[in-house]
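Engineer: Got input-v4.txt for you, compact mmCIF, C-alpha atoms:
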# COMPACT_ATOMS: atom_id res chain seq x y z
CA MET A 132 80.84 1.70 -9.65
CA MET A 133 79.08 5.08 -9.68
CA SER A 134 75.35 5.38 -10.28
CA LEU A 135 74.49 9.07 -9.91
CA ALA A 136 76.25 12.35 -10.63
CA LEU A 137 75.01 15.75 -9.47
CA VAL A 138 76.61 19.09 -10.28
CA PHE A 139 76.11 22.19 -8.15
CA LEU A 140 78.05 25.46 -8.57
CA GLY A 141 80.91 23.73 -10.31
CA ILE A 142 81.19 20.92 -7.74
CA SER A 143 80.22 17.43 -8.89
CA PHE A 144 78.96 14.78 -6.49
CA HIS A 145 79.07 11.13 -7.54
CA ARG A 146 77.03 8.62 -5.53
CA MET A 147 79.04 5.49 -4.66
CA VAL A 148 78.14 2.46 -2.58
CA ASN A 149 79.04 3.81 0.89
CA SER A 150 80.17 7.36 0.17
CA TRP A 151 80.07 10.30 -2.21
CA ALA A 152 82.98 11.12 -4.53
CA VAL A 153 83.42 14.89 -4.65
CA VAL A 154 85.23 16.60 -7.50
CA ASP A 155 85.92 20.31 -6.92
CA ALA A 156 88.74 22.81 -7.40
CA PHE A 157 90.94 20.72 -5.08
CA GLY A 158 90.55 17.52 -7.06
CA PHE A 159 88.89 14.15 -6.33
CA GLN A 160 88.08 12.83 -2.86
CA GLN A 161 85.75 10.28 -1.30
CA VAL A 162 83.56 11.70 1.45
CA PRO A 163 81.28 9.73 3.82
CA PRO A 164 77.68 11.09 3.90
CA VAL A 165 78.05 12.60 7.39
CA GLN A 166 81.18 14.55 6.42
CA LEU A 167 79.52 15.61 3.18
CA ARG A 168 76.73 17.30 5.13
CA GLU A 169 79.25 19.00 7.41
CA ARG A 170 81.43 20.33 4.60
CA TYR A 171 78.57 21.28 2.28
CA PRO A 172 75.62 22.26 4.54
CA SER A 173 73.61 23.63 1.62
CA PHE A 174 73.43 20.11 0.20
CA ARG A 175 71.82 18.40 3.21
CA SER A 176 69.11 16.91 1.02
CA LEU A 177 71.65 14.94 -1.04
CA GLN A 178 71.49 11.95 1.30
CA ARG A 179 67.78 11.71 0.46
CA ILE A 180 68.47 11.15 -3.22
CA GLN A 181 68.62 7.41 -3.78
CA THR A 182 69.35 5.50 -6.95
CA ALA A 183 69.36 1.88 -7.98
CA MET A 184 72.69 1.10 -6.32
CA PRO A 185 74.93 -1.68 -7.62
CA SER A 186 73.58 -4.15 -5.04
CA THR A 187 70.02 -3.48 -6.18
CA ILE A 188 70.91 -3.81 -9.84
CA ASP A 189 72.85 -7.00 -9.14
CA ASN A 190 69.86 -8.51 -7.34
CA ILE A 191 67.47 -7.57 -10.14
CA ASN A 192 69.82 -8.99 -12.77
CA ILE A 193 69.99 -12.23 -10.81
CA LEU A 194 66.21 -12.32 -10.51
CA TYR A 195 65.68 -11.35 -14.16
CA PRO A 196 68.77 -12.65 -16.02
CA GLN A 197 69.27 -11.49 -19.58
CA SER A 198 69.52 -15.14 -20.58
CA GLU A 199 65.81 -15.50 -19.74
CA ALA A 200 64.65 -12.42 -21.66
CA ALA A 201 63.33 -14.59 -24.48
CA LEU A 202 61.29 -16.62 -21.98
CA ARG A 203 59.73 -13.45 -20.57
CA ASN A 204 58.85 -12.33 -24.07
CA ALA A 205 57.38 -15.77 -24.77
CA ALA A 206 55.19 -15.45 -21.69
CA SER A 207 53.73 -12.22 -23.04
CA ARG A 208 53.01 -13.84 -26.41
CA LYS A 209 51.04 -16.65 -24.76
CA ASP A 210 48.13 -14.25 -24.12
CA GLY A 211 49.04 -11.24 -26.25
CA TYR A 212 49.97 -12.92 -29.55
CA TRP A 213 49.06 -16.59 -30.15
CA PRO A 214 45.32 -16.35 -29.32
CA PHE A 215 44.98 -13.74 -32.09
CA ILE A 216 47.01 -15.81 -34.56
CA ALA A 217 44.77 -18.80 -33.83
CA LYS A 218 41.77 -16.72 -34.88
CA ASN A 219 43.53 -15.37 -38.00
CA GLU A 220 43.61 -11.92 -36.42
CA THR A 221 46.47 -9.45 -36.30
CA PRO A 222 48.03 -9.38 -32.82
CA PRO A 223 47.73 -5.92 -31.25
CA GLN A 224 50.95 -3.93 -31.07
CA ASP A 225 49.81 -2.71 -27.64
CA PHE A 226 50.79 -6.06 -26.10
CA THR A 227 54.41 -5.85 -27.26
CA TYR A 228 56.66 -6.79 -24.35
CA GLY A 229 59.59 -4.55 -23.48
CA GLU A 230 61.90 -3.99 -20.51
CA PHE A 231 62.65 -0.44 -19.40
CA PRO A 232 66.24 0.54 -18.41
CA LEU A 233 66.61 0.49 -14.62
CA ASP A 234 68.81 3.57 -14.29
CA PHE A 235 66.44 5.72 -16.34
CA PHE A 236 63.50 4.34 -14.37
CA GLU A 237 65.07 5.47 -11.10
CA SER A 238 65.92 8.88 -12.57
CA LEU A 239 62.28 9.39 -13.55
CA LEU A 240 61.11 8.28 -10.10
CA THR A 241 63.46 10.83 -8.53
CA LEU A 242 61.85 13.54 -10.68
CA ALA A 243 58.38 12.32 -9.73
CA VAL A 244 59.15 12.20 -6.02
CA ALA A 245 60.36 15.82 -6.15
CA SER A 246 56.79 16.85 -7.09
CA CYS A 247 54.97 14.43 -4.78
CA PRO A 248 53.27 15.94 -1.68
CA SER A 249 53.65 12.60 0.15
CA CYS A 250 57.45 12.60 -0.29
CA PRO A 251 58.85 15.54 1.71
CA ASP A 252 62.60 15.96 1.19
CA GLY A 253 62.52 12.99 -1.18
CA VAL A 254 61.53 10.47 1.51
CA ARG A 255 59.20 7.83 0.04
CA SER A 256 58.12 5.90 3.14
CA ASN A 257 54.64 7.48 3.18
CA ALA A 258 54.02 7.05 -0.55
CA GLU A 259 52.55 4.25 -2.65
CA LEU A 260 53.96 3.55 -6.11
CA ILE A 261 51.99 1.77 -8.83
CA ASP A 262 53.40 0.43 -12.09
CA LEU A 263 50.58 0.25 -14.63
CA GLY A 264 51.44 -2.43 -17.15
CA SER A 265 53.94 -4.09 -14.84
CA GLY A 266 54.68 -7.10 -17.04
CA SER A 267 56.90 -9.62 -15.29
CA GLY A 268 57.34 -7.28 -12.31
CA ARG A 269 60.91 -6.19 -13.00
CA LEU A 270 60.38 -2.47 -12.28
CA VAL A 271 58.19 -3.22 -9.28
CA MET A 272 60.97 -5.36 -7.78
CA THR A 273 63.52 -2.64 -8.49
CA ALA A 274 61.46 0.00 -6.68
CA ALA A 275 60.66 -2.38 -3.83
CA SER A 276 64.34 -3.07 -3.20
CA SER A 277 65.40 0.58 -2.98
CA SER A 278 67.03 1.71 0.27
CA ASN A 279 64.78 4.78 0.07
CA ARG A 280 61.80 2.52 0.69
CA TRP A 281 58.23 3.10 -0.45
CA ARG A 282 55.24 2.48 1.79
CA LYS A 283 53.96 0.01 -0.80
CA VAL A 284 54.66 -0.92 -4.42
CA ARG A 285 51.94 -2.39 -6.66
CA GLY A 286 52.06 -3.80 -10.17
CA ILE A 287 48.97 -3.96 -12.41
CA GLU A 288 49.14 -6.21 -15.47
CA ILE A 289 46.49 -7.14 -18.06
CA LEU A 290 48.03 -10.36 -19.42
CA PRO A 291 47.57 -13.38 -17.08
CA SER A 292 50.76 -15.08 -18.27
CA LEU A 293 52.94 -12.11 -17.29
CA HIS A 294 51.06 -11.69 -14.02
CA GLU A 295 51.79 -15.31 -13.14
CA LEU A 296 55.46 -14.82 -13.97
CA ALA A 297 55.55 -11.75 -11.69
CA LEU A 298 54.09 -13.78 -8.82
CA ASN A 299 56.78 -16.44 -9.32
CA LYS A 300 59.47 -13.74 -9.26
CA LEU A 301 57.97 -12.27 -6.09
CA ARG A 302 58.33 -15.63 -4.37
CA ASP A 303 61.95 -15.83 -5.55
CA ALA A 304 62.68 -12.27 -4.37
CA SER A 305 61.14 -13.00 -0.97
CA THR A 306 63.43 -16.00 -0.65
CA MET A 307 66.45 -13.90 -1.63
CA GLY A 308 65.47 -11.40 1.06
CA PHE A 309 66.34 -8.10 -0.63
CA LEU A 310 62.89 -6.47 -0.79
CA SER A 311 62.51 -3.46 1.48
CA THR A 312 58.75 -2.93 1.26
CA GLU A 313 55.40 -4.60 0.63
CA VAL A 314 54.74 -5.74 -2.96
CA GLN A 315 51.36 -6.52 -4.49
CA PHE A 316 50.59 -7.74 -8.02
CA GLU A 317 47.13 -7.56 -9.58
CA ASN A 318 45.84 -9.03 -12.82
CA CYS A 319 43.04 -6.91 -14.24
CA ASP A 320 41.97 -4.59 -17.00
CA TRP A 321 42.35 -0.83 -16.56
CA SER A 322 38.59 -0.38 -16.84
CA SER A 323 37.79 -2.97 -14.15
CA HIS A 324 35.57 -1.71 -11.33
CA ASP A 325 37.76 -3.72 -8.94
CA LEU A 326 40.87 -1.69 -9.81
CA ASN A 327 41.49 0.83 -7.05
CA LEU A 328 44.05 3.51 -7.94
CA SER A 329 42.91 6.08 -5.39
CA THR A 330 45.67 5.14 -2.91
CA ALA A 331 48.50 5.84 -5.38
CA ASP A 332 50.86 8.75 -4.78
CA VAL A 333 53.10 8.04 -7.79
CA VAL A 334 52.15 6.10 -10.93
CA PHE A 335 54.57 4.90 -13.59
CA SER A 336 53.54 3.53 -16.98
CA TYR A 337 55.87 2.42 -19.76
CA THR A 338 53.69 3.69 -22.60
CA THR A 339 56.27 3.82 -25.40
CA ALA A 340 54.97 0.73 -27.23
CA LEU A 341 51.29 1.67 -26.89
CA ARG A 342 49.77 3.18 -30.01
CA SER A 343 48.28 6.66 -29.51
CA SER A 344 45.15 5.49 -31.31
CA GLY A 345 45.00 2.10 -29.62
CA SER A 346 42.28 0.90 -27.26
CA VAL A 347 44.74 -0.09 -24.51
CA LEU A 348 46.27 3.38 -24.23
CA SER A 349 42.83 5.01 -24.39
CA ALA A 350 41.59 2.77 -21.58
CA LEU A 351 44.73 3.45 -19.54
CA THR A 352 44.40 7.22 -19.95
CA GLU A 353 40.73 7.14 -18.99
CA ALA A 354 41.43 4.96 -15.95
CA ILE A 355 44.03 7.27 -14.49
CA ARG A 356 41.88 10.30 -15.28
CA LEU A 357 38.95 8.85 -13.34
CA LYS A 358 40.62 6.79 -10.62
CA LEU A 359 43.65 8.76 -9.42
CA LYS A 360 43.35 11.32 -6.65
CA PRO A 361 44.22 14.97 -7.30
CA GLY A 362 47.90 15.62 -6.68
CA CYS A 363 48.98 12.13 -7.74
CA VAL A 364 52.17 12.21 -9.82
CA VAL A 365 52.08 10.27 -13.10
CA VAL A 366 55.11 9.28 -15.20
CA THR A 367 54.66 8.22 -18.83
CA THR A 368 57.17 7.47 -21.57
CA ASP A 369 56.96 8.98 -25.07
CA TYR A 370 53.34 9.91 -24.40
CA GLU A 371 51.90 13.16 -23.06
CA LEU A 372 48.71 13.15 -21.05
CA GLY A 373 46.15 15.76 -21.95
CA HIS A 374 43.30 17.47 -20.17
CA GLY A 375 43.26 17.00 -16.41
CA PHE A 376 47.03 16.75 -15.99
CA THR A 377 49.77 19.36 -15.61
CA LEU A 378 53.24 18.66 -17.01
CA VAL A 379 55.88 19.51 -14.38
CA ALA A 380 59.05 17.88 -15.73
CA SER A 381 60.52 15.77 -18.52
CA ALA A 382 63.78 13.96 -19.16
CA ASP A 383 65.44 12.16 -22.05
CA GLY A 384 67.31 8.90 -21.59
CA ARG A 385 68.66 5.89 -23.42
CA ASN A 386 66.28 3.01 -24.06
CA GLU A 387 67.92 0.53 -26.40
CA GLY A 388 64.86 -1.70 -26.33
CA ALA A 389 62.84 1.06 -27.99
CA GLY A 390 65.40 2.08 -30.57
CA GLY A 391 67.57 4.52 -28.63
CA GLU A 392 66.18 7.74 -27.16
CA CYS A 393 63.16 7.86 -24.88
CA THR A 394 61.41 10.81 -23.21
CA GLY A 395 59.86 10.49 -19.80
CA TYR A 396 57.10 12.93 -18.78
CA VAL A 397 56.11 13.78 -15.22
CA PHE A 398 52.56 15.04 -14.64
CA ILE A 399 50.46 16.02 -11.65
CA LYS A 400 46.77 15.16 -11.75
CA ASP A 401 44.67 18.30 -11.41
Would you write out, as structure tokens, the structure that this file holds?
Structural biologist:
Amino acid sequence: MMSLALVFLGISFHRMVNSWAVVDAFGFQQVPPVQLRERYPSFRSLQRIQTAMPSTIDNINILYPQSEAALRNAASRKDGYWPFIAKNETPPQDFTYGEFPLDFFESLLTLAVASCPSCPDGVRSNAELIDLGSGSGRLVMTAASSSNRWRKVRGIEILPSLHELALNKLRDASTMGFLSTEVQFENCDWSSHDLNLSTADVVFSYTTALRSSGSVLSALTEAIRLKLKPGCVVVTTDYELGHGFTLVASADGRNEGAGGECTGYVFIKD
């Protein structure tokens, strides 16, 4: 099973579990990482590029089985839907639960890391990642199980029901033993004085379902504008940050949960 393909000067490199598959003018061959660096010295940084490998994806799918997707959605509706219905109010679209594709998530993190001062040569061990709007913790767990480990991975979620689910999943993941770094989940509002984002080096936020005129997205944008340190890299989906941020990269990917195509944007805080 291949999870990453890179093409340089007509040579394609496909990341496999324990080797790289190289396709060049001489055909297809599997090459261990050490031999790859010897044969292609200009591509020494390739071993630094990590993706959600099959073992990681398998672990996440065990932890978050598709058969329980409806239960995760129900958890979000406990706080983000039914309390409004009980008061004869329209539930806010901003609390719509969705799960981002893991392969596209890792691709966007790779783009972000390339612009992060704390990640020289793509190494993440000195960098802290925060997922704003972390839901049940699925993306946090994915990042925290990467072989290219982060110094710390945090998830910030507004809805208590999803936060509680994330804590339960963290206990399960700790028992399974596949996490490679420290994980922390926090339940708070973006505008909370207790929310400290100043330690973040990379921030990801799945903003596709948040309305551009909604209060949640406005509060999120204001929080990262005020609380992130200069140089922090911010990734958003289908939403471009404005004043105070410089766009450095973007990428399109498949996101079936949002109707097909999705655009990820990578910014640096000025």
Engineer: With only C-alpha atoms as the atoms that count, which of A:Met272, A:Pro291, A:Asn192, A:Phe235 lies nearest to Ala206 in chain A?
Structural biologist: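 Counting only C-alpha atoms, the residue closest to Ala206 in chain A is A:Pro291.
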Engineer: Could you please determine the separation between CA of Gly229 in chain A and CA of Gly253 in chain A in Å, to one decimal place?
Structural biologist: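 These two atoms are separated by 28.5 Å.
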Engineer: Looking at all atoms listed in the file, which of A:Val314, A:Ala304, A:Leu239, A:Leu293 is the one that sits closest to Arg280 in chain A?
Structural biologist: A:Val314
Engineer: Using all atoms listed in the file for the distances, tell me which of A:Leu326, A:Ala340, A:Val284, A:Leu242 is nearest to Asp262 in chain A.
Structural biologist: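 Closest candidate: A:Val284.
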Engineer: Can you work out which one of A:Thr367, A:Thr187, A:Ser311, A:Thr330 has the shortest atom-to-atom distance to Ala380 in chain A, counting all atoms listed in the file?
Structural biologist: A:Thr367
Engineer: Which residue out of A:Ser322, A:Val333, A:Ser276, A:Thr306 has the minimum interatomic distance to Ala258 in chain A when only C-alpha atoms are used?
Structural biologist: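 Selected residue with least distance to Ala258 in chain A: A:Val333.
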Engineer: Just how far from CA of Glu259 in chain A is CA of Ser349 in chain A, in Å to one decimal?
Structural biologist: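 Spanning CA of Ser349 in chain A to CA of Glu259 in chain A is a straight-line distance of 23.8 Å.
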Engineer: What's around Arg285 in chain A at 6 Å? Count all atoms listed in the file, leave out sequence neighbours fewer than 3 positions away in its own chain, and write the answer as a ChimeraX atom specification.
Structural biologist: /A:261,314-316
Engineer: Using Å and a single decimal, report how far CA of Asn204 in chain A sits from CA of Asn386 in chain A.
Structural biologist: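 If I compute the distance from CA of Asn386 in chain A to CA of Asn204 in chain A, I get 17.0 Å.
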Engineer: Using all atoms listed in the file, find the one residue out of A:Asp189, A:Val397, A:Ser267, A:Glu288 that sits nearest to Ala245 in chain A.
Structural biologist: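 Ranked by minimum distance to Ala245 in chain A, first place goes to A:Val397.
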Engineer: Using all atoms listed in the file and a cutoff of 10 Å, can you tell me which residues are near (48.9, 16.7, -20.8) in the file's coordinates, and write them out as a list of chain:residue names?
Structural biologist: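 The distance filter leaves exactly A:Tyr370, A:Glu371, A:Leu372, A:Gly373, A:His374, A:Gly375, A:Phe376, A:Thr377, A:Leu378, A:Val379, A:Tyr396, A:Val397, A:Phe398, A:Ile399, A:Lys400.
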Engineer: Using all atoms of range 317-333 of chain A listed in the file and a margin of 3 Å per side, can you give the axis-aligned box centre and edge lengths in Å to one decimal, as lines of an AutoDock Vina configuration file?
Structural biologist:
center_x = 44.3
center_y = -0.1
center_z = -10.0
size_x = 23.5
size_y = 23.8
size_z = 20.1
Engineer: His294 in chain A: which residues within 12 Å, counting only C-alpha atoms, same-chain residues fewer than 6 positions away excluded, as a list in words?
Structural biologist: Arg203, Ala206, Ser207, Lys209, Asp210, Leu263, Gly264, Ser265, Gly266, Ser267, Gly268, Arg269, Arg285, Gly286, Ile287, Glu288, Lys300, Leu301, Gln315, Phe316, Glu317, Asn318, Cys319 and Asp320 of chain A
